[in-house]
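The next block is run.txt, given as compact mmCIF, C-alpha atoms.
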# COMPACT_ATOMS: atom_id res chain seq x y z
CA MET A 6 34.33 -61.08 159.27
CA HIS A 7 33.69 -61.06 155.51
CA THR A 8 33.01 -58.41 152.92
CA LEU A 9 29.62 -58.54 151.27
CA GLY A 10 31.35 -59.29 147.98
CA GLU A 11 33.00 -62.36 149.50
CA ILE A 12 29.68 -63.59 150.84
CA ALA A 13 27.94 -63.03 147.49
CA LYS A 14 30.58 -65.12 145.76
CA ALA A 15 30.38 -67.91 148.35
CA ILE A 16 26.60 -68.30 148.03
CA ASN A 17 26.43 -67.50 144.30
CA ALA A 18 24.22 -64.43 144.79
CA LYS A 19 23.65 -61.30 142.73
CA LEU A 20 24.87 -58.38 144.82
CA VAL A 21 22.84 -55.18 144.84
CA GLY A 22 24.72 -52.59 146.89
CA ASP A 23 28.20 -52.07 148.31
CA ALA A 24 30.48 -55.08 147.89
CA ASN A 25 33.08 -53.65 150.29
CA ILE A 26 31.04 -53.36 153.48
CA GLU A 27 32.16 -55.73 156.23
CA ILE A 28 29.70 -58.21 157.74
CA THR A 29 30.58 -59.51 161.21
CA GLY A 30 27.81 -62.07 161.67
CA ILE A 31 24.27 -63.29 161.02
CA ALA A 32 21.18 -62.23 162.99
CA THR A 33 17.42 -62.58 162.82
CA SER A 34 15.50 -60.24 160.54
CA LEU A 35 14.15 -58.36 163.58
CA SER A 36 17.44 -57.89 165.43
CA ALA A 37 20.09 -57.55 162.68
CA ASN A 38 22.18 -54.35 162.73
CA GLN A 39 24.25 -52.59 160.08
CA GLU A 40 27.16 -55.02 160.50
CA GLN A 41 25.02 -58.15 160.22
CA LEU A 42 23.43 -60.28 157.54
CA THR A 43 19.91 -61.68 157.62
CA TYR A 44 17.48 -63.39 155.22
CA ILE A 45 13.83 -63.14 154.20
CA ASN A 46 12.31 -66.10 152.36
CA ASP A 47 8.59 -65.33 152.33
CA ASN A 48 6.35 -62.46 151.21
CA LYS A 49 4.53 -62.54 154.56
CA TYR A 50 7.66 -60.99 156.10
CA LYS A 51 7.64 -58.05 153.68
CA GLN A 52 6.98 -55.49 156.41
CA THR A 53 9.85 -56.90 158.46
CA LEU A 54 12.06 -56.44 155.41
CA ILE A 55 10.90 -52.84 154.88
CA ASN A 56 11.81 -52.04 158.51
CA SER A 57 15.10 -53.93 158.46
CA LYS A 58 18.25 -52.35 159.93
CA ALA A 59 20.49 -55.12 158.59
CA GLY A 60 23.66 -54.42 156.67
CA ALA A 61 22.47 -56.83 153.99
CA VAL A 62 19.55 -59.19 153.33
CA ILE A 63 19.46 -62.48 151.43
CA LEU A 64 16.20 -62.56 149.44
CA ASN A 65 14.62 -63.48 146.13
CA ASN A 66 14.03 -61.12 143.24
CA ASP A 67 10.34 -60.59 144.07
CA LEU A 68 11.25 -58.97 147.40
CA LEU A 69 14.10 -56.83 146.08
CA LYS A 70 11.90 -53.77 145.51
CA ASN A 71 11.04 -53.73 149.23
CA CYS A 72 14.64 -53.96 150.46
CA PRO A 73 15.95 -50.76 152.13
CA THR A 74 19.54 -51.97 152.36
CA ASN A 75 22.15 -54.02 150.50
CA ALA A 76 20.77 -57.19 148.98
CA LEU A 77 22.03 -60.63 147.98
CA VAL A 78 19.52 -61.87 145.41
CA VAL A 79 19.10 -65.63 145.01
CA ASP A 80 16.45 -68.11 143.89
CA ASP A 81 16.23 -69.85 147.26
CA ALA A 82 16.93 -67.58 150.25
CA TYR A 83 16.79 -70.37 152.85
CA LEU A 84 19.32 -72.48 150.96
CA ALA A 85 21.61 -69.47 150.51
CA PHE A 86 21.28 -68.67 154.22
CA ALA A 87 22.30 -72.26 155.05
CA LYS A 88 25.46 -71.86 152.98
CA ALA A 89 26.22 -68.44 154.47
CA THR A 90 26.10 -69.70 158.06
CA HIS A 91 29.22 -71.78 157.50
CA LEU A 92 31.21 -68.62 156.73
CA PHE A 93 30.66 -67.43 160.31
CA LYS A 94 31.03 -70.69 162.25
CA LYS A 95 33.86 -70.52 164.79
CA GLN A 96 36.20 -73.46 164.51
CA VAL A 97 37.47 -74.95 167.76
CA VAL A 98 41.11 -76.03 167.74
CA PRO A 99 41.35 -79.28 169.74
CA TYR A 100 43.33 -78.85 172.93
CA GLN A 101 44.86 -81.52 175.14
CA GLY A 102 44.65 -81.10 178.87
CA ILE A 103 43.72 -77.83 180.52
CA HIS A 104 44.52 -74.57 178.74
CA PRO A 105 46.78 -72.31 180.84
CA ASN A 106 44.42 -69.32 180.68
CA VAL A 107 41.47 -71.18 182.25
CA LYS A 108 40.20 -69.29 185.33
CA THR A 109 39.15 -71.39 188.33
CA ASN A 110 38.81 -70.85 192.08
CA HIS A 111 38.72 -73.71 194.62
CA THR A 112 37.53 -76.09 191.91
CA LYS A 113 38.32 -79.81 191.76
CA ILE A 114 39.16 -81.06 188.28
CA ALA A 115 39.68 -84.80 187.75
CA PRO A 116 42.37 -86.25 185.48
CA ASN A 117 41.80 -86.71 181.75
CA CYS A 118 39.64 -83.60 181.37
CA VAL A 119 40.02 -81.30 178.37
CA ILE A 120 39.35 -77.60 178.92
CA GLY A 121 39.85 -75.08 176.12
CA LYS A 122 40.86 -71.44 176.14
CA ASN A 123 39.00 -68.52 177.71
CA VAL A 124 36.97 -70.80 179.98
CA VAL A 125 35.78 -69.33 183.30
CA ILE A 126 34.79 -71.74 186.09
CA GLY A 127 33.29 -70.39 189.33
CA ASN A 128 34.00 -71.19 192.97
CA HIS A 129 33.79 -74.65 194.53
CA CYS A 130 32.90 -76.59 191.38
CA THR A 131 33.56 -80.29 190.89
CA ILE A 132 34.47 -81.56 187.42
CA ALA A 133 34.70 -85.35 187.13
CA SER A 134 36.85 -87.43 184.79
CA ASN A 135 36.77 -87.23 180.98
CA VAL A 136 34.79 -83.99 180.86
CA VAL A 137 35.30 -81.84 177.74
CA ILE A 138 34.76 -78.09 178.02
CA GLU A 139 35.41 -76.18 174.81
CA ASP A 140 36.54 -72.58 174.29
CA ASN A 141 34.72 -69.57 175.79
CA VAL A 142 32.47 -71.55 178.14
CA THR A 143 31.35 -69.94 181.41
CA ILE A 144 30.38 -72.02 184.46
CA GLY A 145 29.01 -70.50 187.69
CA ASN A 146 29.66 -71.41 191.32
CA ASP A 147 29.04 -74.80 192.98
CA ALA A 148 28.50 -76.72 189.74
CA LEU A 149 28.76 -80.51 189.74
CA ILE A 150 29.76 -81.85 186.33
CA GLN A 151 29.85 -85.63 186.28
CA PRO A 152 31.95 -87.95 184.05
CA ASN A 153 31.95 -87.84 180.24
CA VAL A 154 30.03 -84.57 179.92
CA SER A 155 30.69 -82.34 176.88
CA ILE A 156 30.03 -78.60 177.07
CA LEU A 157 30.72 -77.15 173.66
CA GLN A 158 31.99 -73.73 172.66
CA GLY A 159 30.46 -70.55 173.98
CA CYS A 160 27.82 -72.09 176.25
CA SER A 161 26.97 -70.66 179.64
CA ILE A 162 26.10 -72.57 182.83
CA GLY A 163 24.69 -70.88 185.95
CA ASN A 164 25.25 -71.47 189.68
CA ASN A 165 24.49 -74.70 191.54
CA VAL A 166 23.91 -76.73 188.37
CA VAL A 167 24.13 -80.55 188.33
CA ILE A 168 25.03 -82.16 185.00
CA SER A 169 24.85 -85.97 184.99
CA PRO A 170 27.12 -88.37 183.06
CA GLY A 171 27.09 -88.33 179.28
CA VAL A 172 25.26 -85.03 178.83
CA VAL A 173 26.05 -82.99 175.70
CA ILE A 174 25.38 -79.25 175.86
CA GLY A 175 25.74 -77.16 172.72
CA SER A 176 25.58 -79.89 170.10
CA GLU A 177 24.82 -78.84 166.54
CA GLY A 178 21.11 -78.38 165.86
CA PHE A 179 19.31 -80.37 163.19
CA GLY A 180 18.72 -77.81 160.46
CA ASN A 181 19.06 -78.46 156.74
CA ALA A 182 18.04 -76.85 153.46
CA GLN A 183 17.26 -78.85 150.34
CA ASP A 184 18.42 -77.86 146.86
CA GLN A 185 16.67 -78.55 143.54
CA GLN A 186 18.38 -81.93 143.27
CA LYS A 187 16.89 -82.89 146.68
CA ARG A 188 20.32 -82.85 148.32
CA TRP A 189 20.63 -81.59 151.88
CA HIS A 190 22.83 -78.68 152.95
CA SER A 191 23.41 -78.35 156.69
CA ILE A 192 22.90 -75.09 158.58
CA ALA A 193 25.76 -74.13 160.90
CA HIS A 194 24.27 -73.26 164.27
CA LEU A 195 25.83 -70.02 165.51
CA GLY A 196 23.93 -69.54 168.79
CA TYR A 197 24.75 -71.04 172.17
CA VAL A 198 23.03 -72.76 175.09
CA VAL A 199 22.37 -70.62 178.18
CA ILE A 200 21.49 -72.51 181.36
CA GLY A 201 20.29 -70.69 184.48
CA ASN A 202 20.81 -71.37 188.19
CA ASN A 203 19.72 -74.45 190.18
CA VAL A 204 19.19 -76.58 187.08
CA SER A 205 19.57 -80.37 187.06
CA ILE A 206 20.22 -82.28 183.82
CA GLY A 207 19.90 -86.08 183.68
CA ALA A 208 22.26 -88.61 182.12
CA ASN A 209 22.75 -88.70 178.34
CA THR A 210 20.50 -85.72 177.71
CA THR A 211 21.36 -83.55 174.69
CA ILE A 212 20.70 -79.83 174.37
CA ASP A 213 21.34 -78.30 170.94
CA ARG A 214 22.74 -74.82 170.42
CA GLY A 215 20.56 -72.19 168.77
CA THR A 216 20.63 -71.47 165.06
CA ILE A 217 21.26 -67.73 165.46
CA GLU A 218 19.87 -66.91 168.89
CA ASP A 219 20.40 -69.07 172.00
CA THR A 220 18.69 -72.14 173.39
CA GLN A 221 17.62 -71.20 176.93
CA ILE A 222 17.03 -73.31 180.06
CA HIS A 223 15.79 -70.98 182.80
CA ASN A 224 16.35 -71.12 186.58
CA GLY A 225 15.18 -74.16 188.52
CA VAL A 226 14.44 -76.42 185.55
CA GLN A 227 14.70 -80.17 186.25
CA ILE A 228 15.50 -82.44 183.30
CA ASP A 229 15.54 -86.24 183.49
CA ASN A 230 17.67 -88.76 181.57
CA LEU A 231 17.71 -89.20 177.77
CA VAL A 232 15.85 -86.00 176.97
CA HIS A 233 16.45 -84.24 173.64
CA ILE A 234 16.06 -80.47 173.51
CA ALA A 235 16.43 -79.07 170.00
CA HIS A 236 17.78 -75.72 168.79
CA ASN A 237 16.22 -72.43 169.94
CA VAL A 238 14.03 -74.06 172.59
CA ILE A 239 13.17 -71.94 175.64
CA ILE A 240 12.16 -73.77 178.84
CA GLY A 241 10.64 -71.54 181.51
CA GLN A 242 11.55 -71.34 185.18
CA ASP A 243 10.90 -74.35 187.46
CA SER A 244 9.62 -76.63 184.69
CA ALA A 245 10.19 -80.41 184.93
CA ILE A 246 10.87 -82.69 181.94
CA ALA A 247 10.74 -86.46 182.47
CA ALA A 248 12.83 -89.11 180.70
CA THR A 249 12.91 -89.62 176.91
CA VAL A 250 10.95 -86.46 176.12
CA THR A 251 11.69 -84.87 172.75
CA ILE A 252 11.20 -81.12 172.34
CA GLY A 253 11.37 -79.90 168.74
CA GLY A 254 13.16 -76.82 167.50
CA SER A 255 11.97 -73.31 168.45
CA CYS A 256 9.49 -74.48 171.09
CA THR A 257 8.73 -72.29 174.09
CA LEU A 258 7.59 -73.78 177.40
CA GLY A 259 6.30 -71.42 180.08
CA LYS A 260 7.04 -71.46 183.78
CA ARG A 261 6.30 -74.52 185.92
CA CYS A 262 5.39 -76.80 183.03
CA MET A 263 5.56 -80.57 183.60
CA VAL A 264 6.11 -82.95 180.68
CA GLY A 265 5.65 -86.69 181.29
CA GLY A 266 8.05 -89.38 180.12
CA GLY A 267 8.17 -90.19 176.42
CA ALA A 268 6.12 -87.19 175.33
CA THR A 269 6.91 -85.38 172.09
CA ILE A 270 6.45 -81.66 171.50
CA ALA A 271 6.51 -80.76 167.82
CA SER A 272 8.64 -77.89 166.50
CA HIS A 273 7.50 -74.26 166.89
CA ILE A 274 4.97 -75.09 169.62
CA SER A 275 4.27 -72.73 172.51
CA LEU A 276 3.03 -73.81 175.95
CA THR A 277 1.80 -71.25 178.45
CA ASP A 278 2.69 -71.39 182.17
CA ASP A 279 1.56 -74.30 184.37
CA ILE A 280 0.86 -76.84 181.63
CA ILE A 281 0.96 -80.57 182.45
CA VAL A 282 1.47 -83.00 179.54
CA THR A 283 0.72 -86.69 180.17
CA GLY A 284 3.53 -89.12 179.38
CA ALA A 285 3.70 -90.47 175.79
CA SER A 286 1.47 -87.66 174.52
CA THR A 287 2.15 -85.80 171.30
CA VAL A 288 1.74 -82.03 171.45
CA ASP A 289 1.13 -80.70 167.94
CA LYS A 290 -0.58 -77.38 168.67
CA ASN A 291 -0.05 -74.38 170.92
CA LEU A 292 -1.48 -74.70 174.44
CA SER A 293 -2.51 -71.24 175.63
CA GLU A 294 -4.77 -72.25 178.55
CA GLN A 295 -3.40 -73.68 181.80
CA GLY A 296 -4.33 -77.30 182.48
CA HIS A 297 -3.55 -81.00 182.16
CA TYR A 298 -3.38 -82.28 178.56
CA THR A 299 -3.31 -85.78 177.08
CA GLY A 300 -3.08 -86.74 173.42
CA PHE A 301 -2.16 -90.00 171.69
CA THR A 302 -3.76 -92.11 168.97
CA SER A 303 -2.59 -95.06 166.88
CA ILE A 304 -0.54 -94.26 163.80
CA SER A 305 -2.10 -94.18 160.32
CA LYS A 306 -1.60 -92.50 156.96
CA HIS A 307 -1.44 -88.76 157.62
CA GLN A 308 -4.50 -87.72 155.58
CA LYS A 309 -6.59 -90.47 157.17
CA TRP A 310 -5.32 -89.51 160.63
CA LYS A 311 -6.42 -85.90 160.10
CA LYS A 312 -9.98 -87.04 159.27
CA ILE A 313 -10.04 -89.36 162.31
CA GLN A 314 -8.77 -86.55 164.51
CA VAL A 315 -11.66 -84.30 163.45
CA TRP A 316 -14.13 -86.98 164.52
CA LEU A 317 -12.32 -87.64 167.81
CA LEU A 318 -12.33 -83.95 168.69
CA ASN A 319 -16.09 -83.81 168.09
CA LEU A 320 -17.10 -87.07 169.78
CA ASP A 321 -18.37 -85.27 172.87
CA LYS A 322 -20.63 -83.03 170.74
CA ILE A 323 -21.84 -86.01 168.70
CA ALA A 324 -22.63 -88.00 171.86
CA HIS A 325 -24.49 -85.05 173.33
CA TYR A 326 -26.54 -84.68 170.12
CA LEU A 327 -27.38 -88.41 170.04
CA ASN A 328 -28.44 -88.38 173.69
CA ILE A 329 -30.89 -85.55 172.98
CA LYS A 330 -32.31 -87.48 170.01
CA LEU A 331 -32.63 -90.67 172.09
CA LYS A 332 -34.38 -88.79 174.89
CA LYS A 333 -36.93 -87.32 172.44
CA LEU A 334 -37.60 -90.78 170.97
CA LYS A 335 -38.28 -92.18 174.46
CA GLU A 336 -40.65 -89.32 175.23
CA LYS A 337 -42.73 -90.23 172.19
When written as structure tokens, how does the structure in this file appear?
Amino acid sequence: MHTLGEIAKAINAKLVGDANIEITGIATSLSANQEQLTYINDNKYKQTLINSKAGAVILNNDLLKNCPTNALVVDDAYLAFAKATHLFKKQVVPYQGIHPNVKTNHTKIAPNCVIGKNVVIGNHCTIASNVVIEDNVTIGNDALIQPNVSILQGCSIGNNVVISPGVVIGSEGFGNAQDQQKRWHSIAHLGYVVIGNNVSIGANTTIDRGTIEDTQIHNGVQIDNLVHIAHNVIIGQDSAIAATVTIGGSCTLGKRCMVGGGATIASHISLTDDIIVTGASTVDKNLSEQGHYTGFTSISKHQKWKKIQVWLLNLDKIAHYLNIKLKKLKEK
């Protein structure tokens, strides 16, 4: 918890409002309440700002006139937000062995595990050697957690979940803001990872925690080895993700999606239910119609690739047009 005055000083902002109000955390612009801080960095979110219930908003001077609450005025709202996140990041104190307040019931825990405070582990779980479970983690019943798994602070695991060796759940997301000198400033990821029931996660897969809200893996999802799932991703019920798939930040996959090995889904992409993506494909646009999709071409300079892509997408129309022309020539 910090006063607004303390936050303003930390991010070098001009404070417009009450410096003494206490801010307990950071939330999205749509969900922030009177005890939370949010940010707006674009005029297209002006209406969201006008309707904001946040205790304070980080914004630039152009948006100040539309702000209904306390404001922290800066030149670069995204950069200031990045700095502010570190004020609210919970630090984990390393613990050796198993903390005495850990709650378990008929669970087998191998030697050399590290389990932090306020951890709850359900009935009949098996936790293999060298597993690290940080503070405030919740694990359901009948979980199998294999060697060298790390489940980081605050994450939640459902019932009957299998986590294969080397998996990392709740790693820091890859978010950075750049200043005027082109230097990077990391964003502290304050959300968690929430995993449903009957989920299987393959060896050496990594699932990043959310930036503010949670990364979500819904019931029945099957994930192969060496998959990377970035921050704020939502994977719908009973989807299957094959090996070496990369899913960029803030993607949403619907129910029963299947993604073939080596495919890449770019950030902020949405897939509807029952989508199949062929292995090694690159998904760079929303897929709103059910079906089987394939997409890969050889690499080239980006501007040239965009021109080639236009032609590729229209090849069927071009071929159809040429066939009509050829037919008319033959008729003559």
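The nearest approach to Gly207 of chain A among the residues A:Lys94, A:Arg188, A:His233, A:Lys51, with only C-alpha atoms taken into account, belongs to A:His233.
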If we count all atoms listed in the file, what is near Asn75 of chain A at a cut-off of 10 Å, once residues fewer than 3 positions away on the same chain are taken out, given as number ranges by chain? A: 9, 20-24, 26, 39, 42, 59-63, 69, 72, 78
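Of the listed residues (A:Ile313, A:Gly259, A:Ala247, A:Asp81), A:Ala247 comes nearest to Thr283 of chain A; the distances count only C-alpha atoms.
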Which residue of A:Gly253, A:Gly201, A:Gly241, A:Gly159 approaches Gly180 of chain A most closely, using only C-alpha atoms: A:Gly253
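Computed from the coordinates, the atom CA of Lys49 of chain A to atom CA of Thr277 of chain A distance equals 25.6 Å.
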List the neighbours of Gly175 of chain A out to 6 Å using only C-alpha atoms; skip same-chain residues closer than 4 positions along the sequence, and give me the result as a list in words.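 Those residues are Leu157, Val198, Ile212, Asp213 and Arg214 of chain A.
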Write the residues of the preceding selection, restricted to C-alpha atoms, as an mmCIF file, in the frame of the given file.
data_model
loop_
_atom_site.group_PDB
_atom_site.id
_atom_site.type_symbol
_atom_site.label_atom_id
_atom_site.label_comp_id
_atom_site.auth_asym_id
_atom_site.auth_seq_id
_atom_site.Cartn_x
_atom_site.Cartn_y
_atom_site.Cartn_z
ATOM 1 C CA LEU A 157 30.720 -77.150 173.660
ATOM 2 C CA VAL A 198 23.030 -72.760 175.090
ATOM 3 C CA ILE A 212 20.700 -79.830 174.370
ATOM 4 C CA ASP A 213 21.340 -78.300 170.940
ATOM 5 C CA ARG A 214 22.740 -74.820 170.420
#
Quick one, how far is atom CA of Ala76 of chain A from atom CA of Asn237 of chain A?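 Computing the Euclidean distance for atom CA of Ala76 of chain A and atom CA of Asn237 of chain A yields 26.3 Å.
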Would you mind telling me which residue in A:Glu139, A:Asp229, A:Asp219, A:Asp279 lies nearest to Gln96 of chain A when using all atoms listed in the file?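 Closest candidate: A:Glu139.
Closest approach to Gly296 of chain A from the set A:Ile239, A:Cys262, A:Ala268, A:Ile217 is made by A:Cys262, with distances taken over only C-alpha atoms.
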Distance query 9 Å from (15.5, -86.1, 179.5) using only C-alpha atoms, result as a PDB file with C-alpha atoms, in the frame of the given file:
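File point19.pdb, as written:
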ATOM      1  CA  ILE A 206      20.220 -82.280 183.820  1.00  0.00           C
ATOM      2  CA  GLY A 207      19.900 -86.080 183.680  1.00  0.00           C
ATOM      3  CA  ALA A 208      22.260 -88.610 182.120  1.00  0.00           C
ATOM      4  CA  ASN A 209      22.750 -88.700 178.340  1.00  0.00           C
ATOM      5  CA  THR A 210      20.500 -85.720 177.710  1.00  0.00           C
ATOM      6  CA  THR A 211      21.360 -83.550 174.690  1.00  0.00           C
ATOM      7  CA  ILE A 228      15.500 -82.440 183.300  1.00  0.00           C
ATOM      8  CA  ASP A 229      15.540 -86.240 183.490  1.00  0.00           C
ATOM      9  CA  ASN A 230      17.670 -88.760 181.570  1.00  0.00           C
ATOM     10  CA  LEU A 231      17.710 -89.200 177.770  1.00  0.00           C
ATOM     11  CA  VAL A 232      15.850 -86.000 176.970  1.00  0.00           C
ATOM     12  CA  HIS A 233      16.450 -84.240 173.640  1.00  0.00           C
ATOM     13  CA  ILE A 234      16.060 -80.470 173.510  1.00  0.00           C
ATOM     14  CA  ILE A 246      10.870 -82.690 181.940  1.00  0.00           C
ATOM     15  CA  ALA A 247      10.740 -86.460 182.470  1.00  0.00           C
ATOM     16  CA  ALA A 248      12.830 -89.110 180.700  1.00  0.00           C
ATOM     17  CA  THR A 249      12.910 -89.620 176.910  1.00  0.00           C
ATOM     18  CA  VAL A 250      10.950 -86.460 176.120  1.00  0.00           C
ATOM     19  CA  THR A 251      11.690 -84.870 172.750  1.00  0.00           C
ATOM     20  CA  GLY A 266       8.050 -89.380 180.120  1.00  0.00           C
ATOM     21  CA  GLY A 267       8.170 -90.190 176.420  1.00  0.00           C
TER      22      GLY A 267
END
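Distance-wise, atom CA of Pro105 of chain A and atom CA of Gly215 of chain A end up 28.9 Å apart.
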Closest of A:Leu318, A:Leu292, A:Leu195, A:Ser275 to His91 of chain A - atom-to-atom distances counting only C-alpha atoms: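 The answer is A:Leu195, which sits nearest to His91 of chain A.
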If we count only C-alpha atoms and set the cut-off at 8 Å, which residues sit around Ala245 of chain A, ignoring sequence neighbours fewer than 3 positions away in its own chain? Please answer as a list in words.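 Result of the neighbour search: Val226, Gln227, Ile228, Arg261, Cys262, Met263 and Val264 of chain A.
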Can you tell me which residues surround Ile120 of chain A at a distance of at most 7 Å, considering only C-alpha atoms, apart from same-chain residues fewer than 4 positions away, and format the answer as a list in words? Gly102, Ile103, His104, Val137, Ile138 and Glu139 of chain A
Would you kindly return, as a PyMOL selection string, each protein, DNA or RNA residue with an atom no farther than 7 Å from any atom of Val166 of chain A, considering all atoms listed in the file and excluding same-chain residues fewer than 6 positions away? chain A and resi 148-149+202-205
Quick one: 3 Å padding each side, axis-aligned, all listed atoms of segment 76-92 of chain A - centre and edge lengths in Å to one decimal, as lines of an AutoDock Vina configuration file?
center_x = 23.7
center_y = -64.8
center_z = 151.0
size_x = 21.0
size_y = 21.3
size_z = 20.2
Within 12 Å of (28.3, -72.0, 144.9), in the coordinates the file gives, what residues turn up when you count only C-alpha atoms, written out as an MDAnalysis selection string? chainID A and resid 11:19 79 84:85 87:89 184 190
Regenerate segment 181-194 of chain A at the level of N, CA and C atoms and dump it as an mmCIF file, keeping the file's coordinate frame.
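Output file out-v2.cif follows:
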data_model
loop_
_atom_site.group_PDB
_atom_site.id
_atom_site.type_symbol
_atom_site.label_atom_id
_atom_site.label_comp_id
_atom_site.auth_asym_id
_atom_site.auth_seq_id
_atom_site.Cartn_x
_atom_site.Cartn_y
_atom_site.Cartn_z
ATOM 1 N N ASN A 181 18.551 -78.182 158.087
ATOM 2 C CA ASN A 181 19.060 -78.460 156.740
ATOM 3 C C ASN A 181 18.171 -77.792 155.693
ATOM 4 N N ALA A 182 18.776 -77.400 154.597
ATOM 5 C CA ALA A 182 18.040 -76.850 153.460
ATOM 6 C C ALA A 182 18.249 -77.756 152.261
ATOM 7 N N GLN A 183 17.209 -77.919 151.471
ATOM 8 C CA GLN A 183 17.260 -78.850 150.340
ATOM 9 C C GLN A 183 17.375 -78.072 149.030
ATOM 10 N N ASP A 184 18.275 -78.518 148.156
ATOM 11 C CA ASP A 184 18.420 -77.860 146.860
ATOM 12 C C ASP A 184 17.496 -78.506 145.819
ATOM 13 N N GLN A 185 17.578 -78.054 144.581
ATOM 14 C CA GLN A 185 16.670 -78.550 143.540
ATOM 15 C C GLN A 185 16.905 -80.012 143.199
ATOM 16 N N GLN A 186 18.074 -80.508 143.512
ATOM 17 C CA GLN A 186 18.380 -81.930 143.270
ATOM 18 C C GLN A 186 18.036 -82.801 144.482
ATOM 19 N N LYS A 187 17.322 -82.196 145.461
ATOM 20 C CA LYS A 187 16.890 -82.890 146.680
ATOM 21 C C LYS A 187 18.063 -83.310 147.565
ATOM 22 N N ARG A 188 19.179 -82.596 147.448
ATOM 23 C CA ARG A 188 20.320 -82.850 148.320
ATOM 24 C C ARG A 188 20.259 -81.890 149.506
ATOM 25 N N TRP A 189 20.694 -82.392 150.662
ATOM 26 C CA TRP A 189 20.630 -81.590 151.880
ATOM 27 C C TRP A 189 21.900 -80.784 152.097
ATOM 28 N N HIS A 190 21.712 -79.557 152.585
ATOM 29 C CA HIS A 190 22.830 -78.680 152.950
ATOM 30 C C HIS A 190 22.621 -78.271 154.411
ATOM 31 N N SER A 191 23.572 -78.616 155.257
ATOM 32 C CA SER A 191 23.410 -78.350 156.690
ATOM 33 C C SER A 191 23.512 -76.860 156.994
ATOM 34 N N ILE A 192 22.810 -76.453 158.059
ATOM 35 C CA ILE A 192 22.900 -75.090 158.580
ATOM 36 C C ILE A 192 23.850 -75.116 159.773
ATOM 37 N N ALA A 193 24.869 -74.260 159.750
ATOM 38 C CA ALA A 193 25.760 -74.130 160.900
ATOM 39 C C ALA A 193 25.042 -73.347 161.985
ATOM 40 N N HIS A 194 24.986 -73.904 163.174
ATOM 41 C CA HIS A 194 24.270 -73.260 164.270
ATOM 42 C C HIS A 194 25.226 -72.346 165.029
#
